[in-house]
Structure formats: structure tokens, C-alpha cells
>>> print(open('coords_33.cif').read())   # mmCIF, C-alpha atoms
data_model
#
loop_
_atom_site.group_PDB
_atom_site.id
_atom_site.type_symbol
_atom_site.label_atom_id
_atom_site.label_comp_id
_atom_site.auth_asym_id
_atom_site.auth_seq_id
_atom_site.Cartn_x
_atom_site.Cartn_y
_atom_site.Cartn_z
ATOM 1 C CA MET A 1 0.000 0.000 0.000
ATOM 2 C CA ALA A 2 1.292 3.436 -0.891
ATOM 3 C CA ALA A 3 1.828 5.836 1.975
ATOM 4 C CA LYS A 4 1.930 9.609 2.024
ATOM 5 C CA LYS A 5 4.022 11.515 4.525
ATOM 6 C CA ILE A 6 2.145 14.479 6.001
ATOM 7 C CA THR A 7 2.708 17.092 8.666
ATOM 8 C CA ILE A 8 0.125 17.741 11.384
ATOM 9 C CA THR A 9 0.102 20.075 14.353
ATOM 10 C CA LEU A 10 -0.902 18.775 17.783
ATOM 11 C CA ASP A 11 -1.119 20.336 21.202
ATOM 12 C CA ASP A 12 1.971 19.325 23.238
ATOM 13 C CA SER A 13 -0.042 17.362 25.797
ATOM 14 C CA LEU A 14 -1.944 15.492 23.082
ATOM 15 C CA PHE A 15 1.310 14.615 21.328
ATOM 16 C CA GLU A 16 2.842 13.352 24.570
ATOM 17 C CA ALA A 17 -0.253 11.231 25.306
ATOM 18 C CA LEU A 18 -0.235 9.771 21.784
ATOM 19 C CA ALA A 19 3.489 9.072 21.849
ATOM 20 C CA GLY A 20 3.124 7.373 25.228
ATOM 21 C CA ALA A 21 0.205 5.270 23.997
ATOM 22 C CA ALA A 22 2.132 4.211 20.898
ATOM 23 C CA GLU A 23 5.157 3.279 22.983
ATOM 24 C CA GLU A 24 2.945 1.345 25.418
ATOM 25 C CA GLU A 25 1.486 -0.629 22.498
ATOM 26 C CA GLY A 26 4.882 -1.085 20.885
ATOM 27 C CA ILE A 27 3.755 0.461 17.598
ATOM 28 C CA PRO A 28 4.893 3.484 15.601
ATOM 29 C CA LEU A 29 3.071 6.722 16.345
ATOM 30 C CA SER A 30 1.988 6.884 12.713
ATOM 31 C CA SER A 31 0.267 3.481 13.062
ATOM 32 C CA LEU A 32 -1.637 4.656 16.124
ATOM 33 C CA VAL A 33 -2.756 7.838 14.348
ATOM 34 C CA ALA A 34 -3.685 5.932 11.179
ATOM 35 C CA GLY A 35 -5.795 3.509 13.218
ATOM 36 C CA ALA A 36 -7.611 6.374 14.921
ATOM 37 C CA VAL A 37 -8.302 8.025 11.571
ATOM 38 C CA GLU A 38 -9.591 4.744 10.113
ATOM 39 C CA ARG A 39 -11.955 4.303 13.091
ATOM 40 C CA GLU A 40 -13.240 7.866 12.674
ATOM 41 C CA LEU A 41 -13.904 7.327 8.969
ATOM 42 C CA ARG A 42 -15.769 4.054 9.684
ATOM 43 C CA LEU A 43 -17.886 5.837 12.312
ATOM 44 C CA ARG A 44 -18.707 8.616 9.861
ATOM 45 C CA ALA A 45 -19.675 6.091 7.185
ATOM 46 C CA GLY A 46 -21.878 4.251 9.674
ATOM 47 C CA ARG A 47 -23.603 7.468 10.733
ATOM 48 C CA ALA A 48 -24.255 8.314 7.075
ATOM 49 C CA VAL A 49 -25.875 4.903 6.534
ATOM 50 C CA VAL A 50 -28.069 5.394 9.607
ATOM 51 C CA ARG A 51 -29.106 8.889 8.459
ATOM 52 C CA GLU A 52 -29.981 7.540 5.008
ATOM 53 C CA TRP A 53 -31.972 4.633 6.451
ATOM 54 C CA GLU A 54 -33.851 6.909 8.856
ATOM 55 C CA ALA A 55 -34.607 9.385 6.059
ATOM 56 C CA GLU A 56 -36.268 6.572 4.112
ATOM 57 C CA ASN A 57 -37.839 4.620 6.992
ATOM 58 C CA GLY A 58 -38.223 6.972 9.943
ATOM 59 C CA ALA A 59 -36.283 7.141 13.173
ATOM 60 C CA PHE A 60 -35.325 3.993 15.015
ATOM 61 C CA THR A 61 -37.603 3.192 17.950
ATOM 62 C CA PRO A 62 -36.214 3.003 21.486
ATOM 63 C CA GLU A 63 -36.712 -0.770 21.325
ATOM 64 C CA GLU A 64 -34.733 -1.046 18.074
ATOM 65 C CA LEU A 65 -31.929 1.070 19.545
ATOM 66 C CA ALA A 66 -31.842 -1.054 22.714
ATOM 67 C CA ALA A 67 -31.679 -4.255 20.648
ATOM 68 C CA ALA A 68 -28.858 -2.835 18.511
ATOM 69 C CA ARG A 69 -26.901 -1.747 21.593
ATOM 70 C CA ALA A 70 -27.304 -5.195 23.162
ATOM 71 C CA GLU A 71 -26.127 -6.867 19.953
ATOM 72 C CA MET A 72 -23.104 -4.565 19.728
ATOM 73 C CA ALA A 73 -22.239 -5.175 23.401
ATOM 74 C CA ALA A 74 -22.417 -8.943 22.834
ATOM 75 C CA ALA A 75 -20.175 -8.648 19.760
ATOM 76 C CA ASP A 76 -17.697 -6.502 21.722
ATOM 77 C CA ALA A 77 -17.655 -9.030 24.584
ATOM 78 C CA GLU A 78 -17.076 -11.900 22.163
ATOM 79 C CA HIS A 79 -14.258 -10.021 20.426
ATOM 80 C CA LEU A 80 -12.597 -9.107 23.703
ATOM 81 C CA SER A 81 -12.851 -12.643 25.074
ATOM 82 C CA SER A 82 -11.285 -14.024 21.895
ATOM 83 C CA ARG A 83 -8.336 -11.697 22.473
ATOM 84 C CA GLY A 84 -8.071 -12.628 26.147
ATOM 85 C CA THR A 85 -8.933 -9.057 27.140
ATOM 86 C CA SER A 86 -11.535 -7.807 29.575
ATOM 87 C CA ALA A 87 -13.778 -4.790 29.005
ATOM 88 C CA ALA A 88 -12.987 -3.357 32.454
#
>>> encode(input="coords_33.cif", output="C-alpha cells")
Amino acid sequence: MAAKKITITLDDSLFEALAGAAEEEGIPLSSLVAGAVERELRLRAGRAVVREWEAENGAFTPEELAAARAEMAAADAEHLSSRGTSAA
């Protein structure tokens, strides 16, 4: 995959927190930032899909939202248990 080198400006404390997190994970800072950007873009795409669906079908009901949250929590728990990680 091609990569593009860019320059960004961060508040000193944010940079220090990011650098510390990357070091803690044993990954390059650029990998940590790229992962965060990818997550943000997936969230934005998901929100766009929800907006489009609601525009065509109406807002989700509280029951539908509760069911979706429960399903997502179960998927998160399964993913975390497969990695040997707890959600605490």
C-alpha cells in the first residue's frame, strides 16, 4: 500500500499522550494515528448509513436502539474474550 508523509500540528499534551500510547502498544506513532483516523472514517460512514436509512424509513424506535446496543455489546464481549482481554 502506498503511503503519504504528512505534517500535522498537535497540542503538546496530546502529542505526549499519543506518543506514550504508541510506545505502550509497541507500535509506531503513525500506526496509532492511522488507526484512529480509520476508526473515525468508519464511524462517519456508519452514521451516514443510519441517516440515510432513517430518512427513508423513519427514526429507530427506542426498542430497536436497545436491541442494537445489546447486539453490539455482545459482539464486543465476544471479540474481547477471543483476544483474552476484559472490558474493564
>>> residues_around(input="coords_33.cif", residues="stretch 18-33 of chain A", least_positions_apart="6", cutoff="12 Å", atoms="all atoms listed in the file", output="ChimeraX atom specification")
/A:3-8,10-12,39-40
>>> axis_aligned_box(input="coords_33.cif", around="stretch 74-83 of chain A", padding_each_side="5 Å", output="JSON")
{"center_x": -15.4, "center_y": -10.3, "center_z": 22.4, "size_x": 24.1, "size_y": 17.5, "size_z": 15.3}
>>> atom_distance(input="coords_33.cif", atom1="atom CA of A:Ala34", atom2="atom CA of A:Arg51")
25.7 Å
>>> atom_distance(input="coords_33.cif", atom1="atom CA of A:Asn57", atom2="atom CA of A:Leu43")
20.7 Å
>>> atom_distance(input="coords_33.cif", atom1="atom CA of A:Ala2", atom2="atom CA of A:Gly35")
15.8 Å
